[in-house]
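Okay, so here's the structure we're looking at.
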Amino acid sequence: MAVATSSPGERLMAGSPAAEPSSSTVPPSTSSAERSTPPPPPEPPKPPEDPCAAKITALPLRARLAQLVVVGVDPRGPADALAAVQGEQVGGIFIGGDDVGLLSADALGPVHAASTLPLTVAVDDEGGRVQRLEAIAGPMPSARRMAADMSPDQVRAVAHERGRVLRERGVTTDLAPVLDTSGQPDRTVIGDRSFSPDPDTALGYALAFAAGLKDAGVAPVVKHFPGHGNTSGDSHLGAVQSPPLDALRGTDLVPYRHLTRFGEVVVMLGHINVPGLTAGKPATLSPEAYALLRGEFGFTGPAMTDDLGAMRAVTDLVGLPDAVTQALAAGADIALWSSGGRVGEVLDHLERAVAAGTLPQARVDEALRRVLASKQVC
């Protein structure tokens, strides 16, 4: 009798266990929690590195403070300037008066060589009543006369030539041009130092003068924020007051809305009491004045005081060490006094103010950062 056999397919149907599927054909199980976990967020961008941080950290406090002052020196020769630089490594010196001994030949060479950081050497050479190179380079017309007789391009050429002579003699900074608008008589405190009472005209000529200085490698200082051209009184002789802030916005402050067109410059604040802004103080000592310059007018470069040591708008109110301290605490980056001397006394006072917290360390470093950047140290 034949024995029946079954095919493999029949044996499977008859109950043989089915082959387990290969693990490669079944995806691994994933929990619902794992399926819903979002990817990690991207790391936040790193803040840009501060190129001045290492330079600032390397300087002791007194050296940082010394970089924030510009002190008047004897214009007859280098001895006084050398003493200020070698003694305290001040950030800058100011050469006033009519004597040109320190501006002759290479008299400033040893002074620059004595400074461990680039030294600011400043003069105020505007033309007209305020000039320092007449004995060397001949007279320069006043701003008002230049605007009447010359085009902006011609004024730029005049400033370039003047800057060239300054730079050859070691000067790095000119406390000019005047950006004040004024129609007052020539011999008033601003008067013919202003290019024009018209804000647009004053701006155009100031831009040209500043450009000429920069063409020659000399840093311009635009002055006197927030506007000295229509004040009552002379800040050299006593307190002065400007029109109220709202009025200045339509006149004296108009050119300052174009500060970015000047490029890298310093802005000097005047000793001006502005109703509605400075609460009876000179602008140089007023935090609100610096806040206006930084905020509404967007200025990011160094802010400098007018002379704190020889102008009665300040000296009638406060002594020099306190004036320098108050100005830096208010927002100045550079404190100027043309009267010279007293550097050690001022720096001692500033160190005590930092220790007491009346001059915050962060304010010192902020000012120093601007000063070092303007000197292209960092």
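Residue numbers start at 1 in each chain; chains themselves are named A, B, ... in the order of the structure tokens; ligands are numbered from 1 in the order shown.
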
Subject >> DSSP helix (DSSP H, G or I) residues within stretch 52-289 of chain A, listed as a VMD selection string >> reply: chain A and resid 53 to 58 61 to 66 79 to 88 101 to 103 109 to 113 134 to 137 143 to 149 152 to 168 191 to 193 199 to 215 245 to 248 254 to 262 283 to 285 287 to 289

**OP:** List the neighbours of A:Val178 out to 7 Å using only C-alpha atoms; skip same-chain residues closer than 4 positions along the sequence, and give me the result as a list in words.
**Re:** Arg193, Ser194, Ala206, Val222, Lys223 and His224 of chain A

Please produce an output containing N, CA and C atoms for each residue in the selection, written as a PDB file, in the first residue's frame.
```pdb
ATOM      1  N   ARG A 193      33.846 132.833  16.124  1.00  0.00           N
ATOM      2  CA  ARG A 193      34.366 131.457  16.170  1.00  0.00           C
ATOM      3  C   ARG A 193      33.373 130.480  15.535  1.00  0.00           C
ATOM      4  N   SER A 194      32.138 130.927  15.337  1.00  0.00           N
ATOM      5  CA  SER A 194      31.111 130.117  14.682  1.00  0.00           C
ATOM      6  C   SER A 194      31.125 130.377  13.180  1.00  0.00           C
ATOM      7  N   ALA A 206      31.915 123.002   9.241  1.00  0.00           N
ATOM      8  CA  ALA A 206      32.574 122.219  10.287  1.00  0.00           C
ATOM      9  C   ALA A 206      32.989 120.849   9.759  1.00  0.00           C
ATOM     10  N   VAL A 222      35.001 118.257  18.066  1.00  0.00           N
ATOM     11  CA  VAL A 222      33.837 119.068  17.717  1.00  0.00           C
ATOM     12  C   VAL A 222      33.266 119.673  19.010  1.00  0.00           C
ATOM     13  N   LYS A 223      32.970 120.967  19.000  1.00  0.00           N
ATOM     14  CA  LYS A 223      32.573 121.635  20.240  1.00  0.00           C
ATOM     15  C   LYS A 223      31.581 122.764  19.958  1.00  0.00           C
ATOM     16  N   HIS A 224      30.773 123.232  20.965  1.00  0.00           N
ATOM     17  CA  HIS A 224      30.690 122.844  22.380  1.00  0.00           C
ATOM     18  C   HIS A 224      29.288 122.327  22.658  1.00  0.00           C
TER      19      HIS A 224
END
```

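DSSP on the backbone gives strand (DSSP E or B) for these parts of stretch 39-77 of chain A: Val69, Val70, Val71, Gly72 and Val73 of chain A.
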
**OP:** Please indicate the distance in Å from atom CA of A:Ile95 to atom CA of A:Asp125, rounded to one decimal place.
**Re:** 10.3 Å

Need the shell around stretch 303-318 of chain A: protein/DNA/RNA residues with any atom at most 7 Å away, counting only C-alpha atoms. Skip same-chain ones fewer than 6 positions apart. Format as a PDB file with all heavy atoms, in the first residue's frame?
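And here's out-v1.pdb as it stands now:
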```pdb
ATOM      1  N   SER A 235      31.596 131.510  29.755  1.00  0.00           N
ATOM      2  CA  SER A 235      31.957 130.484  30.733  1.00  0.00           C
ATOM      3  C   SER A 235      33.385 130.644  31.249  1.00  0.00           C
ATOM      4  O   SER A 235      33.741 130.056  32.272  1.00  0.00           O
ATOM      5  CB  SER A 235      31.757 129.091  30.137  1.00  0.00           C
ATOM      6  OG  SER A 235      32.436 128.955  28.902  1.00  0.00           O
ATOM      7  N   HIS A 236      34.218 131.444  30.573  1.00  0.00           N
ATOM      8  CA  HIS A 236      35.538 131.753  31.123  1.00  0.00           C
ATOM      9  C   HIS A 236      35.405 132.646  32.361  1.00  0.00           C
ATOM     10  O   HIS A 236      36.277 132.610  33.243  1.00  0.00           O
ATOM     11  CB  HIS A 236      36.407 132.471  30.083  1.00  0.00           C
ATOM     12  CG  HIS A 236      36.700 131.661  28.873  1.00  0.00           C
ATOM     13  ND1 HIS A 236      35.842 131.613  27.784  1.00  0.00           N
ATOM     14  CD2 HIS A 236      37.755 130.867  28.560  1.00  0.00           C
ATOM     15  CE1 HIS A 236      36.363 130.823  26.862  1.00  0.00           C
ATOM     16  NE2 HIS A 236      37.525 130.355  27.302  1.00  0.00           N
ATOM     17  N   LEU A 237      34.332 133.433  32.410  1.00  0.00           N
ATOM     18  CA  LEU A 237      34.194 134.446  33.450  1.00  0.00           C
ATOM     19  C   LEU A 237      33.152 134.111  34.505  1.00  0.00           C
ATOM     20  O   LEU A 237      33.131 134.731  35.570  1.00  0.00           O
ATOM     21  CB  LEU A 237      33.822 135.796  32.803  1.00  0.00           C
ATOM     22  CG  LEU A 237      34.780 136.284  31.702  1.00  0.00           C
ATOM     23  CD1 LEU A 237      34.254 137.579  31.086  1.00  0.00           C
ATOM     24  CD2 LEU A 237      36.190 136.466  32.250  1.00  0.00           C
ATOM     25  N   GLY A 238      32.268 133.175  34.236  1.00  0.00           N
ATOM     26  CA  GLY A 238      31.232 132.826  35.204  1.00  0.00           C
ATOM     27  C   GLY A 238      30.186 131.922  34.583  1.00  0.00           C
ATOM     28  O   GLY A 238      30.359 131.410  33.471  1.00  0.00           O
ATOM     29  N   ALA A 239      29.102 131.749  35.321  1.00  0.00           N
ATOM     30  CA  ALA A 239      28.049 130.846  34.871  1.00  0.00           C
ATOM     31  C   ALA A 239      27.405 131.362  33.591  1.00  0.00           C
ATOM     32  O   ALA A 239      27.268 132.575  33.385  1.00  0.00           O
ATOM     33  CB  ALA A 239      26.991 130.711  35.961  1.00  0.00           C
ATOM     34  N   VAL A 240      27.011 130.428  32.730  1.00  0.00           N
ATOM     35  CA  VAL A 240      26.303 130.785  31.496  1.00  0.00           C
ATOM     36  C   VAL A 240      25.065 129.915  31.376  1.00  0.00           C
ATOM     37  O   VAL A 240      25.018 128.796  31.880  1.00  0.00           O
ATOM     38  CB  VAL A 240      27.188 130.605  30.245  1.00  0.00           C
ATOM     39  CG1 VAL A 240      28.431 131.454  30.324  1.00  0.00           C
ATOM     40  CG2 VAL A 240      27.557 129.147  30.034  1.00  0.00           C
ATOM     41  N   VAL A 266      36.131 113.407  18.513  1.00  0.00           N
ATOM     42  CA  VAL A 266      35.821 113.624  19.919  1.00  0.00           C
ATOM     43  C   VAL A 266      34.795 114.751  19.974  1.00  0.00           C
ATOM     44  O   VAL A 266      34.831 115.672  19.147  1.00  0.00           O
ATOM     45  CB  VAL A 266      37.092 113.999  20.699  1.00  0.00           C
ATOM     46  CG1 VAL A 266      36.779 114.303  22.163  1.00  0.00           C
ATOM     47  CG2 VAL A 266      38.133 112.887  20.589  1.00  0.00           C
ATOM     48  N   VAL A 267      33.867 114.687  20.925  1.00  0.00           N
ATOM     49  CA  VAL A 267      32.923 115.784  21.149  1.00  0.00           C
ATOM     50  C   VAL A 267      33.235 116.421  22.493  1.00  0.00           C
ATOM     51  O   VAL A 267      33.335 115.720  23.511  1.00  0.00           O
ATOM     52  CB  VAL A 267      31.462 115.299  21.116  1.00  0.00           C
ATOM     53  CG1 VAL A 267      30.512 116.400  21.599  1.00  0.00           C
ATOM     54  CG2 VAL A 267      31.075 114.876  19.699  1.00  0.00           C
ATOM     55  N   MET A 268      33.415 117.731  22.487  1.00  0.00           N
ATOM     56  CA  MET A 268      33.649 118.479  23.725  1.00  0.00           C
ATOM     57  C   MET A 268      32.345 119.066  24.231  1.00  0.00           C
ATOM     58  O   MET A 268      31.585 119.677  23.466  1.00  0.00           O
ATOM     59  CB  MET A 268      34.652 119.611  23.501  1.00  0.00           C
ATOM     60  CG  MET A 268      34.856 120.499  24.730  1.00  0.00           C
ATOM     61  SD  MET A 268      35.983 121.888  24.453  1.00  0.00           S
ATOM     62  CE  MET A 268      37.560 121.035  24.517  1.00  0.00           C
ATOM     63  N   LEU A 269      32.090 118.883  25.530  1.00  0.00           N
ATOM     64  CA  LEU A 269      30.944 119.514  26.166  1.00  0.00           C
ATOM     65  C   LEU A 269      31.362 120.842  26.770  1.00  0.00           C
ATOM     66  O   LEU A 269      32.472 120.979  27.310  1.00  0.00           O
ATOM     67  CB  LEU A 269      30.339 118.621  27.250  1.00  0.00           C
ATOM     68  CG  LEU A 269      29.434 117.503  26.717  1.00  0.00           C
ATOM     69  CD1 LEU A 269      30.240 116.317  26.210  1.00  0.00           C
ATOM     70  CD2 LEU A 269      28.418 117.058  27.755  1.00  0.00           C
ATOM     71  N   GLY A 270      30.475 121.837  26.683  1.00  0.00           N
ATOM     72  CA  GLY A 270      30.734 123.144  27.263  1.00  0.00           C
ATOM     73  C   GLY A 270      30.161 123.259  28.663  1.00  0.00           C
ATOM     74  O   GLY A 270      29.297 122.481  29.076  1.00  0.00           O
ATOM     75  N   HIS A 271      30.617 124.270  29.381  1.00  0.00           N
ATOM     76  CA  HIS A 271      30.139 124.525  30.749  1.00  0.00           C
ATOM     77  C   HIS A 271      28.830 125.322  30.683  1.00  0.00           C
ATOM     78  O   HIS A 271      28.769 126.497  31.071  1.00  0.00           O
ATOM     79  CB  HIS A 271      31.182 125.298  31.541  1.00  0.00           C
ATOM     80  CG  HIS A 271      32.529 124.650  31.604  1.00  0.00           C
ATOM     81  ND1 HIS A 271      32.712 123.313  31.868  1.00  0.00           N
ATOM     82  CD2 HIS A 271      33.777 125.175  31.445  1.00  0.00           C
ATOM     83  CE1 HIS A 271      34.007 123.038  31.884  1.00  0.00           C
ATOM     84  NE2 HIS A 271      34.670 124.146  31.611  1.00  0.00           N
ATOM     85  N   THR A 284      29.095 119.931  31.492  1.00  0.00           N
ATOM     86  CA  THR A 284      30.263 119.085  31.703  1.00  0.00           C
ATOM     87  C   THR A 284      30.155 118.219  32.949  1.00  0.00           C
ATOM     88  O   THR A 284      30.810 117.181  33.050  1.00  0.00           O
ATOM     89  CB  THR A 284      31.526 119.950  31.822  1.00  0.00           C
ATOM     90  OG1 THR A 284      31.225 121.091  32.660  1.00  0.00           O
ATOM     91  CG2 THR A 284      31.992 120.426  30.468  1.00  0.00           C
ATOM     92  N   ALA A 332      31.864 111.854  31.235  1.00  0.00           N
ATOM     93  CA  ALA A 332      33.008 112.266  30.422  1.00  0.00           C
ATOM     94  C   ALA A 332      34.002 111.116  30.313  1.00  0.00           C
ATOM     95  O   ALA A 332      34.152 110.315  31.235  1.00  0.00           O
ATOM     96  CB  ALA A 332      33.688 113.486  31.034  1.00  0.00           C
ATOM     97  N   ASP A 333      34.696 111.061  29.198  1.00  0.00           N
ATOM     98  CA  ASP A 333      35.769 110.085  29.004  1.00  0.00           C
ATOM     99  C   ASP A 333      37.138 110.735  29.120  1.00  0.00           C
ATOM    100  O   ASP A 333      38.125 110.048  29.405  1.00  0.00           O
ATOM    101  CB  ASP A 333      35.636 109.440  27.625  1.00  0.00           C
ATOM    102  CG  ASP A 333      34.265 108.819  27.414  1.00  0.00           C
ATOM    103  OD1 ASP A 333      33.848 107.994  28.233  1.00  0.00           O
ATOM    104  OD2 ASP A 333      33.590 109.193  26.432  1.00  0.00           O
ATOM    105  N   ILE A 334      37.198 112.041  28.893  1.00  0.00           N
ATOM    106  CA  ILE A 334      38.457 112.786  28.949  1.00  0.00           C
ATOM    107  C   ILE A 334      38.200 114.068  29.725  1.00  0.00           C
ATOM    108  O   ILE A 334      37.303 114.844  29.369  1.00  0.00           O
ATOM    109  CB  ILE A 334      38.973 113.137  27.545  1.00  0.00           C
ATOM    110  CG1 ILE A 334      39.146 111.875  26.693  1.00  0.00           C
ATOM    111  CG2 ILE A 334      40.285 113.908  27.625  1.00  0.00           C
ATOM    112  CD1 ILE A 334      39.351 112.165  25.210  1.00  0.00           C
ATOM    113  N   ALA A 335      38.988 114.298  30.774  1.00  0.00           N
ATOM    114  CA  ALA A 335      38.880 115.519  31.575  1.00  0.00           C
ATOM    115  C   ALA A 335      40.087 116.404  31.271  1.00  0.00           C
ATOM    116  O   ALA A 335      41.230 115.966  31.382  1.00  0.00           O
ATOM    117  CB  ALA A 335      38.823 115.176  33.055  1.00  0.00           C
ATOM    118  N   LEU A 336      39.821 117.651  30.891  1.00  0.00           N
ATOM    119  CA  LEU A 336      40.864 118.591  30.484  1.00  0.00           C
ATOM    120  C   LEU A 336      41.004 119.701  31.520  1.00  0.00           C
ATOM    121  O   LEU A 336      40.003 120.246  31.985  1.00  0.00           O
ATOM    122  CB  LEU A 336      40.480 119.206  29.128  1.00  0.00           C
ATOM    123  CG  LEU A 336      41.213 120.484  28.698  1.00  0.00           C
ATOM    124  CD1 LEU A 336      42.672 120.201  28.351  1.00  0.00           C
ATOM    125  CD2 LEU A 336      40.502 121.139  27.505  1.00  0.00           C
ATOM    126  N   TRP A 337      42.242 120.027  31.889  1.00  0.00           N
ATOM    127  CA  TRP A 337      42.475 121.300  32.568  1.00  0.00           C
ATOM    128  C   TRP A 337      43.756 121.921  32.021  1.00  0.00           C
ATOM    129  O   TRP A 337      44.809 121.305  31.988  1.00  0.00           O
ATOM    130  CB  TRP A 337      42.485 121.171  34.084  1.00  0.00           C
ATOM    131  CG  TRP A 337      43.595 120.412  34.751  1.00  0.00           C
ATOM    132  CD1 TRP A 337      44.756 120.927  35.282  1.00  0.00           C
ATOM    133  CD2 TRP A 337      43.651 118.996  35.009  1.00  0.00           C
ATOM    134  NE1 TRP A 337      45.510 119.920  35.839  1.00  0.00           N
ATOM    135  CE2 TRP A 337      44.865 118.740  35.701  1.00  0.00           C
ATOM    136  CE3 TRP A 337      42.791 117.931  34.737  1.00  0.00           C
ATOM    137  CZ2 TRP A 337      45.233 117.454  36.102  1.00  0.00           C
ATOM    138  CZ3 TRP A 337      43.162 116.662  35.130  1.00  0.00           C
ATOM    139  CH2 TRP A 337      44.363 116.436  35.809  1.00  0.00           C
ATOM    140  N   SER A 338      43.621 123.139  31.534  1.00  0.00           N
ATOM    141  CA  SER A 338      44.726 123.814  30.852  1.00  0.00           C
ATOM    142  C   SER A 338      45.701 124.431  31.839  1.00  0.00           C
ATOM    143  O   SER A 338      46.837 124.744  31.474  1.00  0.00           O
ATOM    144  CB  SER A 338      44.186 124.901  29.927  1.00  0.00           C
ATOM    145  OG  SER A 338      43.634 125.969  30.685  1.00  0.00           O
ATOM    146  N   SER A 339      45.273 124.620  33.085  1.00  0.00           N
ATOM    147  CA  SER A 339      46.106 125.307  34.069  1.00  0.00           C
ATOM    148  C   SER A 339      47.325 124.498  34.465  1.00  0.00           C
ATOM    149  O   SER A 339      48.283 125.032  35.019  1.00  0.00           O
ATOM    150  CB  SER A 339      45.271 125.632  35.315  1.00  0.00           C
ATOM    151  OG  SER A 339      44.542 124.492  35.737  1.00  0.00           O
TER     152      SER A 339
END
```
